[in-house]
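Asker: I'm passing along entry-v1.cif; it holds mmCIF, C-alpha atoms.
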data_start
#
loop_
_atom_site.label_atom_id
_atom_site.label_comp_id
_atom_site.auth_asym_id
_atom_site.auth_seq_id
_atom_site.Cartn_x
_atom_site.Cartn_y
_atom_site.Cartn_z
CA MET A 1 18.51 -71.26 43.49
CA ALA A 2 18.32 -67.56 43.51
CA LEU A 3 16.56 -65.99 40.58
CA LYS A 4 17.64 -62.60 39.46
CA LYS A 5 14.97 -60.07 38.85
CA ARG A 6 15.11 -58.73 35.39
CA ILE A 7 15.15 -54.99 35.18
CA LYS A 8 12.40 -54.10 32.83
CA ILE A 9 12.89 -50.87 30.87
CA GLU A 10 9.71 -49.36 29.57
CA ALA A 11 9.94 -47.39 26.39
CA GLY A 12 7.78 -44.29 26.58
CA PHE A 13 7.52 -40.80 25.22
CA SER A 14 6.37 -37.79 27.20
CA MET A 15 4.04 -35.58 25.18
CA SER A 16 3.95 -32.70 27.66
CA SER A 17 6.82 -30.78 26.09
CA MET A 18 5.37 -31.28 22.60
CA THR A 19 1.95 -29.96 23.65
CA ASP A 20 3.58 -26.91 25.25
CA ILE A 21 5.26 -26.06 21.96
CA ILE A 22 2.03 -26.59 20.00
CA PHE A 23 0.06 -24.31 22.34
CA LEU A 24 2.74 -21.61 22.16
CA LEU A 25 2.71 -21.73 18.35
CA LEU A 26 -1.10 -21.62 18.30
CA LEU A 27 -1.11 -18.63 20.61
CA PHE A 28 1.49 -16.84 18.49
CA PHE A 29 -0.45 -17.31 15.26
CA ILE A 30 -3.74 -16.23 16.82
CA ILE A 31 -2.22 -13.02 18.14
CA ALA A 32 -0.29 -12.34 14.92
CA SER A 33 -3.34 -12.84 12.71
CA THR A 34 -5.52 -10.45 14.73
CA MET A 35 -2.90 -7.71 14.62
CA SER A 36 -2.43 -7.65 10.86
CA SER A 37 -5.09 -5.91 8.81
CA PRO A 38 -3.18 -4.42 5.85
CA ASN A 39 -6.11 -3.64 3.54
CA ASP A 40 -8.44 -2.10 6.09
CA ILE A 41 -9.57 1.45 5.71
CA LYS A 42 -12.33 2.21 8.17
CA LEU A 43 -15.38 3.03 6.05
CA ASN A 44 -19.02 3.14 7.02
CA LEU A 45 -20.65 2.08 3.73
CA PRO A 46 -24.28 2.93 3.02
CA GLN A 47 -26.79 0.07 3.14
CA SER A 48 -28.45 -1.54 0.14
CA LYS A 49 -30.72 -4.52 -0.52
CA ALA A 50 -28.83 -5.52 -3.68
CA THR A 51 -26.46 -8.46 -3.39
CA THR A 52 -24.74 -8.32 -6.79
CA SER A 53 -20.97 -8.46 -6.77
CA THR A 54 -18.31 -8.20 -9.44
CA LYS A 55 -15.31 -10.47 -9.58
CA SER A 56 -13.02 -8.59 -11.97
CA VAL A 57 -12.22 -5.37 -10.13
CA ILE A 58 -9.06 -3.67 -11.35
CA ALA A 59 -9.03 -0.77 -8.90
CA LYS A 60 -10.70 -0.06 -5.60
CA VAL A 61 -11.18 3.66 -4.96
CA SER A 62 -11.93 4.37 -1.30
CA ILE A 63 -12.96 7.69 0.21
CA ASP A 64 -12.85 7.81 4.01
CA ALA A 65 -14.87 10.06 6.34
CA GLU A 66 -12.22 12.82 6.19
CA GLY A 67 -12.30 12.94 2.37
CA ASN A 68 -8.97 11.18 1.80
CA TYR A 69 -8.69 9.14 -1.40
CA PHE A 70 -7.11 5.69 -1.43
CA VAL A 71 -6.60 3.54 -4.52
CA ALA A 72 -5.74 -0.16 -4.41
CA LYS A 73 -4.92 -2.13 -7.54
CA GLY A 74 -6.45 -5.61 -7.32
CA SER A 75 -5.63 -7.04 -3.90
CA SER A 76 -2.61 -4.84 -3.22
CA LEU A 77 -2.27 -2.38 -0.38
CA PRO A 78 -4.18 0.89 -0.82
CA GLU A 79 -2.15 4.00 -1.56
CA GLN A 80 -3.27 7.48 -0.60
CA VAL A 81 -3.72 9.66 -3.69
CA ALA A 82 -4.19 13.42 -3.85
CA PRO A 83 -7.59 14.46 -5.30
CA GLU A 84 -5.83 16.30 -8.15
CA ALA A 85 -3.85 13.21 -9.16
CA LEU A 86 -6.78 10.77 -8.89
CA GLU A 87 -7.74 10.88 -12.57
CA SER A 88 -4.23 10.24 -13.88
CA TYR A 89 -3.69 7.46 -11.32
CA ILE A 90 -6.90 5.69 -12.36
CA MET A 91 -6.09 6.10 -16.05
CA ASN A 92 -2.68 4.49 -15.51
CA LEU A 93 -4.39 1.48 -13.96
CA VAL A 94 -7.00 1.28 -16.72
CA ALA A 95 -4.30 1.48 -19.39
CA GLN A 96 -2.98 -1.85 -18.14
CA ASP A 97 -6.37 -3.61 -18.42
CA SER A 98 -9.53 -1.86 -19.58
CA THR A 99 -11.96 -4.80 -19.39
CA THR A 100 -12.55 -4.72 -15.66
CA TYR A 101 -14.48 -2.57 -13.20
CA ILE A 102 -13.53 0.15 -10.79
CA ALA A 103 -15.12 -0.28 -7.36
CA LEU A 104 -15.98 2.87 -5.43
CA HIS A 105 -16.04 2.45 -1.64
CA ALA A 106 -17.21 5.75 -0.16
CA ASP A 107 -18.06 6.44 3.48
CA GLN A 108 -21.71 7.31 3.93
CA ASN A 109 -20.90 10.50 5.84
CA ILE A 110 -18.80 12.25 3.18
CA ALA A 111 -20.03 15.05 0.96
CA TYR A 112 -21.81 13.95 -2.20
CA LYS A 113 -19.43 16.02 -4.36
CA GLU A 114 -16.58 13.64 -3.49
CA VAL A 115 -18.53 10.71 -4.94
CA VAL A 116 -19.54 12.74 -7.98
CA LYS A 117 -15.87 13.56 -8.64
CA VAL A 118 -15.07 9.85 -9.08
CA LEU A 119 -18.28 9.29 -11.07
CA ASP A 120 -17.30 12.13 -13.43
CA ILE A 121 -13.87 10.59 -14.02
CA ALA A 122 -15.49 7.25 -14.87
CA ASN A 123 -18.09 8.90 -17.11
CA GLN A 124 -15.56 11.03 -19.03
CA HIS A 125 -13.42 8.04 -19.87
CA LYS A 126 -16.33 5.57 -20.33
CA LEU A 127 -15.15 3.33 -17.51
CA LYS A 128 -17.25 0.67 -15.80
CA LEU A 129 -17.83 1.69 -12.19
CA VAL A 130 -19.48 -0.17 -9.31
CA ILE A 131 -20.53 1.57 -6.11
CA ALA A 132 -19.93 -0.64 -3.07
CA THR A 133 -22.51 -0.89 -0.29
CA ARG A 134 -23.09 -3.20 2.63
CA THR A 135 -26.17 -5.36 2.40
CA THR A 136 -28.95 -5.11 4.96
CA GLN A 137 -29.68 -8.12 7.10
CA LYS A 138 -33.17 -9.59 6.73
#
Output the structure of this file as structure tokens.
Answerer:
Amino acid sequence: MALKKRIKIEAGFSMSSMTDIIFLLLLFFIIASTMSSPNDIKLNLPQSKATTSTKSVIAKVSIDAEGNYFVAKGSSLPEQVAPEALESYIMNLVAQDSTTYIALHADQNIAYKEVVKVLDIANQHKLKLVIATRTTQK
């Protein structure tokens, strides 16, 4: 009596193609996330030992090392503003919500008169202003 051998089919799934796709997607997202920095203006802030921060900032006024003014409302992208139009631009933002602060981010190498210009605008209109610094490491 001749017995037939049964052909045994093994069910299996190869994960190699799936891992290739996962690694390609991981690589894409790592490269894409390092290339996007939409809110970055290169500023060298002065150091301070204070660690107080405000949470309700309506406008972020940035002055870079060349003396260019940038204003960002909340977490939006910063827009370059001419020094002559800075006061009216800030007042338009404050007209929308006057209960929050204006944060001043000024490069430590700019002339002091540029900082005083923004401080004068805040003082004339009785606005709350916070000067941003980077904290020193202990």
Asker: Hey, which of A:Arg6, A:Lys113, A:Lys126, A:Lys60 ends up closest to Pro78 of chain A? Count all atoms listed in the file.
Answerer: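 Looking at the shortest contact to Pro78 of chain A, the residue is A:Lys60.
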Asker: So what does the PyMOL selection byres ((chain A and resi 109) around 8) actually pick up in this one, as a VMD selection string?
Answerer: chain A and resid 44 65 107 to 108 110 to 111
Asker: Can you measure atom CA of Ile102 of chain A to atom CA of Leu129 of chain A for me? One decimal in Å is fine.
Answerer: 4.8 Å
Asker: Work out how far atom CA of Lys128 of chain A is from atom CA of Ala82 of chain A, in Å to one decimal.
Answerer: 21.8 Å
Asker: Please measure the separation of atom CA of Asp64 of chain A and atom CA of Glu114 of chain A, giving the value in Å to one decimal.
Answerer: 10.2 Å
Asker: Give as a PyMOL selection string the residues that the PyMOL selection byres ((chain A and resi 84-88) around 9) matches when applied to the coordinates above.
Answerer: chain A and resi 69+71+81-83+89-93+118+121-122
Asker: Which of these residues is nearest to Ala132 of chain A, using only C-alpha atoms: A:Ala72, A:Ala106, A:Ala95, A:Leu25?
Answerer: A:Ala106
Asker: Could you check the closest approach to Val115 of chain A for each of A:Ile131, A:Ile21, A:Ala59, A:Val94 and tell me which residue wins, using all atoms listed in the file?
Answerer: A:Ile131
Asker: Let me make sure I understand: among A:Val116, A:Ala32, A:Ala11, A:Met18, which one has the smallest atom-to-atom distance to Ile63 of chain A if we use only C-alpha atoms?
Answerer: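 Result for the nearest residue to Ile63 of chain A: A:Val116.
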